[in-house]
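Asker: File my_file.txt follows (compact mmCIF, C-alpha atoms and all ligand atoms):
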# COMPACT_ATOMS: atom_id res chain seq x y z
CA MET I 21 17.13 -32.09 10.93
CA TYR I 22 15.06 -29.21 9.62
CA ILE I 23 16.79 -27.44 6.76
CA TRP I 24 15.18 -24.22 5.78
CA LYS I 25 14.79 -23.77 2.02
CA ASN I 26 14.94 -20.21 0.86
CA PRO I 27 11.64 -19.49 -0.90
CA ARG I 28 11.94 -18.34 -4.48
CA TRP I 29 10.95 -14.88 -5.55
CA PHE I 30 8.47 -15.38 -8.33
CA ASP I 31 9.47 -14.86 -11.97
CA ALA I 32 7.98 -12.27 -14.31
CA GLU I 33 5.32 -14.66 -15.59
CA LYS I 34 4.10 -15.57 -12.11
CA ARG I 35 4.12 -11.90 -11.07
CA GLN I 36 1.51 -11.32 -13.79
CA GLU I 37 -0.96 -13.31 -11.72
CA GLN I 38 -1.59 -10.29 -9.49
CA ILE I 39 -2.19 -8.01 -12.50
CA ASP I 40 -5.61 -7.13 -13.95
CA ASP I 41 -5.29 -8.77 -17.39
CA HIS I 42 -4.49 -12.15 -15.89
CA VAL I 43 -7.16 -11.83 -13.21
CA MET I 44 -9.87 -10.86 -15.69
CA HIS I 45 -8.83 -13.53 -18.18
CA THR I 46 -8.75 -16.40 -15.67
CA ARG I 47 -11.34 -14.95 -13.28
CA LYS I 48 -8.96 -15.95 -10.51
CA ALA I 49 -7.19 -13.60 -8.13
CA ARG I 50 -4.34 -14.22 -5.75
CA PHE I 51 -3.94 -13.15 -2.16
CA GLY I 52 -0.46 -14.42 -1.47
CA ASN I 53 -0.39 -18.15 -2.04
CA ILE I 54 -4.17 -18.40 -1.86
CA GLU I 55 -5.99 -18.50 -5.19
CA LEU I 56 -9.54 -17.20 -5.11
CA ASP I 57 -12.37 -16.50 -7.49
CA GLU I 58 -11.94 -12.96 -8.81
CA ASP I 59 -15.02 -11.68 -6.99
CA ARG I 60 -13.99 -13.20 -3.63
CA LYS I 61 -10.64 -11.48 -3.08
CA LYS I 62 -12.22 -8.29 -1.75
CA GLU I 63 -14.06 -10.07 1.06
CA GLU I 64 -10.95 -12.10 1.92
CA VAL I 65 -8.90 -8.89 2.17
CA LEU I 66 -11.63 -7.30 4.28
CA ARG I 67 -11.59 -10.26 6.64
CA HIS I 68 -7.81 -10.11 6.87
CA PHE I 69 -7.74 -6.43 7.85
CA ASN I 70 -10.66 -6.84 10.26
CA ARG I 71 -8.51 -9.43 12.03
CA VAL I 72 -5.34 -7.33 12.18
CA ALA I 73 -6.85 -3.83 12.64
CA PRO I 74 -6.61 -3.56 16.45
CA LYS I 75 -2.90 -4.35 16.44
CA TYR I 76 -1.98 -3.11 12.95
CA ASP I 77 0.22 -0.15 13.93
CA PHE I 78 1.86 -1.96 16.84
CA MET I 79 2.72 -5.02 14.74
CA ASN I 80 4.00 -3.00 11.78
CA THR I 81 6.24 -0.93 13.99
CA LEU I 82 7.57 -4.04 15.68
CA LEU I 83 8.04 -6.14 12.53
CA SER I 84 9.80 -3.31 10.67
CA PHE I 85 11.82 -2.27 13.76
CA GLY I 86 10.26 1.16 13.35
CA THR I 87 11.69 1.58 9.83
CA GLN I 88 8.19 1.95 8.37
CA TYR I 89 8.08 5.52 9.69
CA VAL I 90 11.39 6.38 8.00
CA TRP I 91 10.08 4.99 4.69
CA LYS I 92 6.77 6.78 5.03
CA ARG I 93 8.36 10.13 5.87
CA ALA I 94 10.83 9.88 2.97
CA ALA I 95 8.07 8.84 0.58
CA VAL I 96 5.67 11.67 1.46
CA ARG I 97 8.53 14.18 1.18
CA LYS I 98 8.94 13.05 -2.45
CA LEU I 99 5.41 14.26 -3.25
CA GLY I 100 6.57 17.86 -2.73
CA LEU I 101 3.28 18.88 -1.10
CA LYS I 102 2.51 22.57 -0.73
CA ASN I 103 0.43 24.53 1.71
CA GLY I 104 -3.28 24.38 0.87
CA GLU I 105 -3.19 21.30 -1.35
CA ALA I 106 -5.80 18.51 -1.39
CA VAL I 107 -4.50 14.97 -0.89
CA LEU I 108 -6.15 11.55 -1.16
CA ASP I 109 -4.67 8.66 0.84
CA VAL I 110 -5.95 5.56 -0.95
CA CYS I 111 -5.98 2.37 1.18
CA GLY I 112 -5.12 4.84 3.93
CA GLY I 113 -5.74 2.40 6.80
CA THR I 114 -4.86 3.92 10.16
CA GLY I 115 -3.73 7.14 8.48
CA ASP I 116 0.07 7.29 8.86
CA LEU I 117 0.68 8.79 5.41
CA SER I 118 -2.24 11.17 5.88
CA ILE I 119 -0.77 12.57 9.10
CA LEU I 120 2.53 13.25 7.34
CA ALA I 121 0.70 14.85 4.41
CA LYS I 122 -1.47 17.01 6.67
CA LYS I 123 1.61 18.41 8.38
CA ARG I 124 2.80 19.55 4.95
CA VAL I 125 -0.42 20.99 3.50
CA GLY I 126 -1.26 22.88 6.70
CA ASP I 127 -4.59 24.20 7.96
CA ALA I 128 -5.61 25.34 4.49
CA GLY I 129 -4.98 21.90 3.03
CA ARG I 130 -7.31 18.90 3.01
CA VAL I 131 -6.35 15.26 3.47
CA VAL I 132 -8.76 12.35 3.01
CA VAL I 133 -8.10 8.88 4.40
CA TYR I 134 -9.87 6.57 1.97
CA ASP I 135 -10.21 2.90 2.87
CA ILE I 136 -12.68 0.09 2.37
CA ASN I 137 -12.23 -1.11 5.94
CA ARG I 138 -13.97 0.76 8.72
CA ALA I 139 -12.09 -1.10 11.50
CA MET I 140 -8.73 0.07 10.13
CA MET I 141 -9.79 3.73 10.01
CA GLN I 142 -11.38 3.49 13.45
CA ALA I 143 -8.19 2.01 14.90
CA GLY I 144 -6.34 5.07 13.55
CA ARG I 145 -8.90 7.57 14.81
CA LYS I 146 -8.73 6.14 18.33
CA THR I 147 -4.94 6.40 18.52
CA SER I 148 -3.75 9.07 20.91
CA THR I 149 -0.53 10.01 19.10
CA HIS I 150 -1.08 12.96 16.74
CA ALA I 151 -4.66 13.15 18.04
CA ALA I 152 -5.04 16.80 17.03
CA ILE I 153 -3.94 16.13 13.45
CA ARG I 154 -6.09 12.99 13.22
CA ARG I 155 -9.15 15.11 14.05
CA GLN I 156 -8.40 17.31 11.05
CA LEU I 157 -8.38 14.41 8.58
CA ALA I 158 -11.47 13.39 6.63
CA TYR I 159 -12.31 9.69 6.67
CA VAL I 160 -14.17 8.15 3.74
CA GLN I 161 -15.05 4.48 3.50
CA GLY I 162 -14.88 3.23 -0.06
CA ASP I 163 -13.35 0.95 -2.64
CA ALA I 164 -10.09 2.02 -4.27
CA GLU I 165 -11.23 0.41 -7.51
CA PHE I 166 -14.24 2.75 -7.66
CA ILE I 167 -13.15 5.96 -5.94
CA THR I 168 -16.15 8.00 -4.86
CA PHE I 169 -14.75 11.42 -5.82
CA PRO I 170 -15.26 13.32 -9.05
CA ASP I 171 -12.55 13.71 -11.71
CA HIS I 172 -9.80 16.29 -11.12
CA THR I 173 -10.35 16.70 -7.36
CA PHE I 174 -6.92 16.26 -5.76
CA ASN I 175 -3.43 17.76 -6.10
CA ALA I 176 -1.88 14.49 -4.93
CA ALA I 177 -2.92 10.88 -4.45
CA MET I 178 -0.90 8.37 -2.49
CA VAL I 179 -1.13 4.69 -1.69
CA GLY I 180 1.06 3.05 0.94
CA PHE I 181 1.40 -0.72 1.17
CA GLY I 182 -2.15 -1.05 -0.14
CA ILE I 183 -2.20 -1.47 -3.91
CA ARG I 184 -1.18 -5.16 -3.59
CA ASN I 185 -4.46 -5.84 -1.86
CA LEU I 186 -6.65 -4.78 -4.76
CA THR I 187 -8.10 -7.39 -7.08
CA HIS I 188 -7.34 -5.13 -10.06
CA LEU I 189 -4.37 -2.96 -9.23
CA ARG I 190 -4.23 -1.18 -12.60
CA ARG I 191 -7.82 -0.17 -12.06
CA GLY I 192 -6.83 1.30 -8.68
CA PHE I 193 -4.05 3.35 -10.28
CA SER I 194 -6.41 4.47 -13.07
CA GLU I 195 -8.86 5.68 -10.48
CA MET I 196 -6.11 7.65 -8.75
CA TYR I 197 -5.22 9.16 -12.14
CA ARG I 198 -8.85 10.10 -12.74
CA VAL I 199 -9.34 11.96 -9.45
CA LEU I 200 -6.06 13.88 -9.79
CA LYS I 201 -6.08 17.36 -11.22
CA PRO I 202 -3.88 17.86 -14.31
CA GLY I 203 -0.36 18.31 -12.95
CA GLY I 204 -1.27 16.31 -9.83
CA ARG I 205 1.20 13.81 -8.40
CA ILE I 206 0.93 10.16 -7.43
CA LEU I 207 2.93 8.32 -4.78
CA CYS I 208 3.00 4.54 -4.45
CA LEU I 209 4.97 3.12 -1.54
CA GLU I 210 5.30 -0.66 -1.63
CA PHE I 211 7.45 -3.54 -0.54
CA SER I 212 9.82 -5.03 -3.06
CA ARG I 213 12.76 -7.40 -3.54
CA PRO I 214 15.98 -6.60 -1.68
CA VAL I 215 18.85 -6.09 -4.10
CA ASN I 216 21.70 -7.78 -2.24
CA PRO I 217 21.38 -11.63 -2.35
CA LEU I 218 22.68 -12.16 1.19
CA PHE I 219 20.42 -9.48 2.61
CA ARG I 220 17.55 -11.00 0.62
CA TRP I 221 18.27 -14.41 2.14
CA LEU I 222 18.11 -12.96 5.65
CA TYR I 223 14.99 -11.01 4.79
CA ASP I 224 13.32 -14.17 3.43
CA PHE I 225 14.22 -16.11 6.55
CA TYR I 226 12.82 -13.34 8.71
CA SER I 227 9.65 -12.99 6.59
CA PHE I 228 8.72 -16.66 6.48
CA ASN I 229 9.81 -17.74 9.94
CA VAL I 230 10.03 -14.89 12.42
CA MET I 231 7.09 -12.79 11.18
CA PRO I 232 4.43 -15.55 11.31
CA LEU I 233 5.74 -16.61 14.73
CA LEU I 234 5.47 -13.08 16.10
CA GLY I 235 2.07 -12.81 14.44
CA GLU I 236 0.91 -15.89 16.34
CA LEU I 237 2.42 -14.84 19.66
CA LEU I 238 1.50 -11.17 19.67
CA ALA I 239 -1.56 -10.87 17.43
CA GLY I 240 -2.97 -14.41 17.71
CA SER I 241 -2.74 -15.16 13.98
CA ALA I 242 0.24 -16.68 12.19
CA GLN I 243 -1.82 -16.96 8.98
CA SER I 244 -2.39 -13.18 8.76
CA TYR I 245 1.33 -12.56 8.79
CA ALA I 246 2.23 -15.53 6.60
CA CYS I 247 0.31 -14.28 3.58
CA LEU I 248 1.97 -10.85 3.65
CA PRO I 249 5.38 -12.04 2.36
CA GLU I 250 3.67 -14.04 -0.38
CA THR I 251 1.83 -11.03 -1.78
CA ILE I 252 5.10 -9.07 -1.82
CA ARG I 253 6.88 -11.76 -3.82
CA MET I 254 4.17 -11.61 -6.50
CA PHE I 255 4.21 -7.83 -6.79
CA PRO I 256 5.74 -6.17 -9.90
CA LEU I 257 9.40 -5.21 -9.53
CA PRO I 258 10.16 -1.45 -9.54
CA ASP I 259 10.79 -1.18 -13.31
CA GLU I 260 7.66 -3.19 -14.07
CA LEU I 261 5.61 -0.94 -11.81
CA SER I 262 7.04 2.15 -13.54
CA LEU I 263 5.85 0.74 -16.88
CA ILE I 264 2.35 0.19 -15.49
CA LEU I 265 2.21 3.80 -14.22
CA ASN I 266 3.51 5.09 -17.59
CA ASP I 267 0.95 2.99 -19.40
CA ILE I 268 -1.87 4.47 -17.32
CA GLY I 269 -0.74 7.95 -18.41
CA PHE I 270 1.58 9.20 -15.68
CA ILE I 271 4.69 11.03 -16.81
CA ASP I 272 8.03 11.72 -15.08
CA VAL I 273 7.72 8.40 -13.26
CA SER I 274 10.68 7.61 -11.03
CA HIS I 275 11.34 5.42 -8.06
CA THR I 276 13.55 5.38 -4.98
CA SER I 277 14.62 2.21 -3.21
CA MET I 278 14.93 2.21 0.55
CA THR I 279 16.67 -0.23 2.91
CA ASN I 280 18.29 -2.19 0.07
CA GLY I 281 15.02 -2.28 -1.85
CA ILE I 282 12.72 -3.67 0.85
CA ALA I 283 10.53 -0.62 0.24
CA VAL I 284 10.24 1.38 -2.97
CA ALA I 285 8.54 4.74 -3.49
CA HIS I 286 7.28 5.51 -7.00
CA VAL I 287 6.20 9.02 -7.94
CA GLY I 288 4.69 10.32 -11.16
CA THR I 289 2.69 13.21 -12.53
CA LYS I 290 -0.59 13.47 -14.41
CA PRO I 291 0.12 15.53 -17.53
CA GLY I 292 -1.26 19.04 -17.83
CA ARG I 293 -1.31 22.19 -15.76
CA ILE I 294 -3.49 22.92 -12.78
C1 LIG C 301 -1.37 -2.75 4.53
S1 LIG C 301 -2.66 -1.64 4.84
C2 LIG C 301 -1.88 -0.09 4.56
C3 LIG C 301 -2.40 1.02 5.42
C4 LIG C 301 -1.63 2.33 5.34
N1 LIG C 301 -1.67 2.89 4.01
C5 LIG C 301 -0.21 2.19 5.82
O1 LIG C 301 0.69 2.51 5.04
O2 LIG C 301 0.00 1.79 6.94
C6 LIG C 301 -3.67 -1.84 3.42
C7 LIG C 301 -5.00 -1.14 3.51
O3 LIG C 301 -5.65 -1.28 2.25
C8 LIG C 301 -7.03 -1.34 2.50
N2 LIG C 301 -7.72 -1.89 1.32
C9 LIG C 301 -7.63 -3.13 0.84
N3 LIG C 301 -8.40 -3.28 -0.26
C10 LIG C 301 -8.98 -2.06 -0.47
C11 LIG C 301 -9.88 -1.57 -1.44
N4 LIG C 301 -10.35 -2.34 -2.43
N5 LIG C 301 -10.25 -0.29 -1.37
C12 LIG C 301 -9.80 0.53 -0.38
N6 LIG C 301 -8.96 0.10 0.59
C13 LIG C 301 -8.54 -1.18 0.54
C14 LIG C 301 -7.13 -2.22 3.72
O4 LIG C 301 -8.37 -2.12 4.35
C15 LIG C 301 -5.95 -1.70 4.55
O5 LIG C 301 -6.36 -0.71 5.43
Would you write out, as structure tokens, the structure that this file holds?
Ligand SMILES: C[S@@+](CC[C@H](N)C(=O)[O-])C[C@H]1O[C@@H](n2cnc3c(N)ncnc32)[C@H](O)[C@@H]1O
Answerer:
Amino acid sequence: MYIWKNPRWFDAEKRQEQIDDHVMHTRKARFGNIELDEDRKKEEVLRHFNRVAPKYDFMNTLLSFGTQYVWKRAAVRKLGLKNGEAVLDVCGGTGDLSILAKKRVGDAGRVVVYDINRAMMQAGRKTSTHAAIRRQLAYVQGDAEFITFPDHTFNAAMVGFGIRNLTHLRRGFSEMYRVLKPGGRILCLEFSRPVNPLFRWLYDFYSFNVMPLLGELLAGSAQSYACLPETIRMFPLPDELSLILNDIGFIDVSHTSMTNGIAVAHVGTKPGRI
């Protein structure tokens, strides 16, 4: 008889393996349970998103039972965007967060979807929902670890479910800090560990059994959806992520847990006045 063993959430030491110091010291990077040479993670991540791009929005909506939109709306609201502001959506993918931001900054505002993967941005541009807003977004292809904008350009910078994919996540946050104007705000929306042990057990079962199966049946790749839960279990817990953001220089860092901690939105501010 098959008895399913609940996979362990990694401990603090193991979670370090997705952080810059460890990656640079060992020259090894992790993409879920796969260990790669530091300089190979980027191409592996590119390949992954090339594979999932055509069905990315459909699969995310299905796998999260539509909750992703609730999380995204709540998270963008926390940025407190104002009319006319400039916003950078790092690892912006198909542009969900950008659409929400654009609605808030209005015609006078500017929102840039910034992603290394052309297929992801194209999948978003081709989508018919919110077509008018999508046409008002700017799309820039580039690496989040080397953002191609000058210092002090944006009022807000956000990253949704993307920072885990970087080889050097602290570097990504530092780049977001650099391109923010003094007084600018950061938002990081990421998956995390559910708080309630029973809920966590159910979530683990779903993540490691149902998600890869649906990935295979509906998107033709179990592997693409199997590595996602692994990367989440190696990601810093909310308090650890707050410390990283503080260390980079952000102040007033706080976080909000959603759906028992499955998703967490961190916000912070770059010191100074605009
Ligand atoms: C899980 S998707 C998130 C997309 C979107 N933010 C959302 O919330 O639906 C992660 C995105 O990060 C992008 N990405 C991964 N590594 C990147 C890098 N080094 N620089 C810029 N984008 C990157 C991927 O191409 C992908 O579109």
Asker: Please identify every polymer residue within 9 Å of ligand LIG 301 (chain C), using all atoms listed in the file, and present the set as a ChimeraX atom specification.
Answerer: /I:61-63,65-66,68-70,73,76-77,80,88,92,109-118,133-141,161-167,178-188,192,209-210,248
Asker: Excluding same-chain residues fewer than 2 positions from I:Tyr223, what lies within 12 Å of it counting all atoms listed in the file, as an MDAnalysis selection string?
Answerer: chainID I and resid 26:27 29 83:84 211:221 225:231 249 253 279:282
Asker: Which one of I:Val131, I:Ala32, I:Val96, I:Leu189 sits closest to I:Val160 if you count only C-alpha atoms?
Answerer: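 Using only C-alpha atoms, I:Val160 sits closest to I:Val131.
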Asker: Out of I:Gly203, I:Phe78, I:Gly104, I:Arg293, which residue has the shortest atom-to-atom distance to I:Leu234 when counting all atoms listed in the file?
Answerer: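 For I:Leu234, the nearest of the candidates is I:Phe78.
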Asker: I:Phe193: which residues within 8 Å, counting all atoms listed in the file, same-chain residues fewer than 3 positions away excluded, as a PyMOL selection string?
Answerer: chain I and resi 189-190+196-197+265+268
Asker: Which residue is closest to I:Arg93? Choose from I:Val273, I:Met44, I:Leu120, I:Leu261 and count all atoms listed in the file.
Answerer: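 For I:Arg93, the nearest of the given residues is I:Leu120.
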Asker: Which residues are close to I:Thr46, i.e. within 10 Å by all atoms listed in the file, leaving aside same-chain residues fewer than 6 positions away? Reply as JSON, numbers by chain.
Answerer: {"I": [37, 40, 57, 58]}
Asker: Pick the closest to I:Leu233 from I:Met79, I:Ile39, I:Ala49, I:Ala151: which is it, counting all atoms listed in the file?
Answerer: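 Smallest distance to I:Leu233 is found for I:Met79.
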Asker: If I take atom CA of I:Arg28 and atom CA of I:Lys75, how far is one from the other in Å, to one decimal?
Answerer: 29.2 Å
Asker: Atom CA of I:Ala177 and atom CA of I:Thr81 are how many Å apart?
Answerer: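 Atom CA of I:Thr81 lies at a distance of 23.7 Å from atom CA of I:Ala177.
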